[in-house]
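Student: Below are the C-alpha cells for one structure; questions will follow.
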Amino acid sequence: MMTDFVVSSPPCVTIGNDILDIGSRKARRQRGDPMEMLPSASAMIGAPGQFDLPAVANPAMYCRSHFASVCGTGDENQSVKFAKGTTTLAFKFQGGVIVSVDSRSTMGAYISSGTVKKVIEINPFLLGTMAGGAADCSFWERNLGMECRLYQLRNGRRISVAAASKLLANVMSSYRGYGLSMGTMIAGWDEKGPQLYYVDDDGTRLKGKMFSVGSGSTYAYGILDTHYREDMTIEEAIDLGKRAIYHAAHRDAASGGINNLYHMTKDGFVKVHSIDVNDMHYEFADERANAMAT
Amino acid sequence: MYDSAMPPRSKPLRSGGFNKNTSSIFDPLAGQIHNSEGYGATLGKIDHGVTENPYERRFSPYDFNGGTCVAIAGSDYAVIAADTRLSSGYEILSRDMSKLHTLTDKCILGSAGCKTDVDQLRSVLDIKMKMYHHNHRKTMTTPAVAQMLGNTLYYKRFFPYYAFNVFGGIDEEGKGAVYSYDAIGSFERTPVTATGSGQAYIIPLLDNVIAHRNRLDEKRDLLKEEVVEIVKDAFISCGERDIYTGDKVEIAVITKDGIEKTYFDLKAD
C-alpha cells in the first residue's frame, strides 16, 4: 500500500519541467508579469517589443507546429512556409577571421532567392552570419546592431564580441520553444583580438576557432578540417573559405548562388569577393585538369 | 489547463468497447448497430465513426484567396502588376479586387494571400506612415517603407500575416527599387520579383527575359513600355496554368512624375 504524497503547489505557479525555463518569457507570463500578458488587439500597433500570439491554450506549441522556421523540408506540412538560409562558415587564423557564406534562400523546395546577403554587417568591427530562418536572422541581428550602438553611446567604447554574442544568445533563450530558427556566427575584432562565437536559436553560445552552420555545413567541415592550419597566409585562408563553400554548394541542394567572403582584420572587415559558385566549378575543373596534365 | 491539441476522451464504440480481443480496425461490425433482425436492419443506421469517435478541432485562422503579383525595377521606373481575381477554394468571389495599394506617390505595395490579413496589413502601414509624417514632417522614402514593412511583418512573427508581398517604387536616386518579402518580413532588394499562387510560373520567365539570367546575348536596359508588354504576356501564360490567376491584370508604372495605372483583360475561365 502506497501512501500518497501530496505536494502543495507554491504560490508562484510551477514553471514546468525544464530548468532552462527559469527567467524565460513563459515563466514570466505564468507569474502574471504585466509586461508579458497577451496584449489586446487595439493596444499594440507600432509598439516594438510586444509580439502578438495566437489565442490558443498553448501558443508556443501552436507556433512550433505551424510557424516554425525549420531547415530543409521540415516545414512542408505547414500552411505558412518561410524563407531559409543555408551554408555559412567562419574560422580564426593568424591573420584574423574569415567569414564565407553562400546566397541561396529556399521556401520548401522553391528557391526564393539566389542573391541573399547572409553576412550582416552589424558594425565595422562585427559581422553576423545568417543560417536558418531568414527573417529571424535578419531581424534579430539588426536588433543586435541597435543594441551594440546603444552600448557604444552609453559606455563610450565599442562592445566586445563576447558581450554582443551574449546579448543575442539571451534573446534567443527567452524565445526558446517558439519555433525560431537561427544559427549564427558572430565574428569580430575587439581588445582581445579576433573573436568568433556561435549562437543558436535554443540559446547555445559557443566560443571557437572554426564553425560551419547550415544544411551544407557537413560538406564544408570536410574541406575545412582537412586543410585548416592556424598559420595559413591570408591568401590560403581566403582560398580555403572559398573552396569549402563551393563544395557545400555543389553537394547540398539547398546551398548555392554566390559566395560572399569577408575578412575581419584589426582595422575592421573587408569584403574580399563575391563569386558565382558556378564559375568556381569551372575554375576548379580547369585546375584539376591542369594538375592531372603535369 | 487542458492542451487544445488533445482529443476529448473517447466513448466506447457501440459494438462493444475496448475489451474485445479483435481489433476494431479489422472488425467488420465496428460502428454498426447489432440487433437480431439481420443484415438489412442495419442499413441507414450505420455509424461511419464520425459521431462516435473523437475528432480533433483545429484553430485555422487562414484562408488562401489566391492571385499573383509581380514587380520589376527599371533604371528610372518601377512596374508593379497584379491580377484582380479573388477566390476561395474553387469559388471566385470577385473578378475586380485590387491587390495593389498605393502607399506614397512613389511606391506601391502588392499583396497576395489571405485578403483579411492583407487589409489589416495595409491599415497598419497607412497608420504608421501617417504617424511618421506627423513626427518628421516628410513622407517616408521607399527604402524606409521597405524596412518598415519588414519590421511590421516580423512583429507578427508568432501569428503571421498571411500576406505575400512585393513592394516597388522609386528610391532617392530616382532608380527603380523593388523588394520581395516572405510572410514574416525577410526582405531583399531585387531587380525582379513575383509572389502568390503563380509565382513559380512567372519568375523563371522574368529571370530570363528581364534579369537576363542564363542568356548569352548582351544585356540591354529595357524601356518601361517593353516591360509592360512582357508583363502582359507573363500574366497570360500564368493565367493558363494557374486556376487562381485570371480575369484582369492591373499594371502600375511608377516614375518620378507619378503613377500610371492601366488594366489588361485576361481570360475569365
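Residues are named by chain letter and number: chains run A, B, ... in the order of the C-alpha cells, numbers start at 1 in each chain, and ligands are numbered from 1 in the order shown.
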For chain A against chain B, which residues fall within 6 Å using only C-alpha atoms, given as a list in words?

Tutor: Phe51, Asp52, Leu53, Pro54, Cys63, Ala134 and Ala135 of chain A

Student: Within 12 Å of B:Val227, counting only C-alpha atoms, which residues show up once you throw out same-chain ones fewer than 5 positions away? Write them as a count of residues only, please.

Tutor: 24

Student: Extract the full set of strand (DSSP E) residues from stretch 185-250 of chain A according to DSSP on the backbone, and format it as a PyMOL selection string.

Tutor: chain A and resi 185-190+193-200+205-207+210-213

Student: Counting only C-alpha atoms, what is within 10 Å of B:Thr139, bar same-chain residues fewer than 6 positions away, as a list in words?

Tutor: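 My reading of the contact set: Leu103, Thr104, Asp105, Lys106, Met129, Lys130, Tyr132, His133 and Val145 of chain B.
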
Student: Using only C-alpha atoms, which of A:Val272, A:Ala237, A:Ala249, A:Ile186 sits nearest A:Tyr219?

Tutor: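 Checking each of A:Val272, A:Ala237, A:Ala249, A:Ile186 against A:Tyr219, counting only C-alpha atoms, the winner is A:Ala249.
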
Student: Looking at A:Trp140, A:Tyr221, A:Tyr282, A:Phe211, which one is nearest to A:Lys92, with distances taken over only C-alpha atoms?

Tutor: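 Nearest to A:Lys92: A:Phe211.
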
Student: Please return, as a ChimeraX atom specification, all residues of stretch 60-221 of chain B that DSSP assigns to helix (DSSP H, G or I) on the basis of the backbone.

Tutor: /B:115-136,142-155,199-209

Student: Distance atom CA of B:Leu149-atom CA of B:Ser197, one decimal place?

Tutor: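 Distance between the two atoms: 21.1 Å.
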
Student: For stretch 229-234 of chain A, please output as a list in words all residues within 12 Å (counting only C-alpha atoms; exclusion window: fewer than 4 positions along the same chain).

Tutor: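 The residues that qualify are Phe91, Lys92, Phe93, Gln94, Gly95, Gly96, Val97, Ile98, Lys209, Met210, Ile223, Leu224, Asp225, Ile238, Asp239, Leu240, Gly241, Tyr262, His263, Met264, Thr265 and Val272 of chain A.
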
Student: For A:Ala220, work out the shell of residues within 9 Å, counting only C-alpha atoms and skipping chain neighbours fewer than 4 positions away, then give it as a list in words.

Tutor: Thr87, Thr88, Leu89, Ser212, Val213, Gly216, Leu224, Asp225, Gly241, Arg243, Ala244, Ile245, Tyr246, His247, Ala248 and Ala249 of chain A

Student: Quick one, how far is atom CA of B:Val166 from atom CA of A:Thr184?

Tutor: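 Straight-line distance from atom CA of B:Val166 to atom CA of A:Thr184 works out to 27.1 Å.
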
Student: Which distance in Å separates atom CA of A:Ser138 and atom CA of A:Met107, to one decimal?

Tutor: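 Computed distance, atom CA of A:Ser138 to atom CA of A:Met107, equals 16.1 Å.
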
Student: Give me the residues near B:His101 as a compact mmCIF listing (two decimals) with N, CA and C atoms, in the first residue's frame, where near means some atom within 7 Å (using only C-alpha atoms) and where sequence neighbours in that chain fewer than 5 positions away do not count.

Tutor:
```txt
# COMPACT_ATOMS: atom_id res chain seq x y z
N ILE B 108 4.33 51.52 -54.26
CA ILE B 108 3.08 50.74 -54.24
C ILE B 108 3.38 49.37 -53.63
N LEU B 109 2.45 48.89 -52.83
CA LEU B 109 2.58 47.56 -52.24
C LEU B 109 1.61 46.62 -52.93
N GLY B 110 2.10 45.46 -53.36
CA GLY B 110 1.22 44.46 -53.95
C GLY B 110 1.20 43.24 -53.05
```
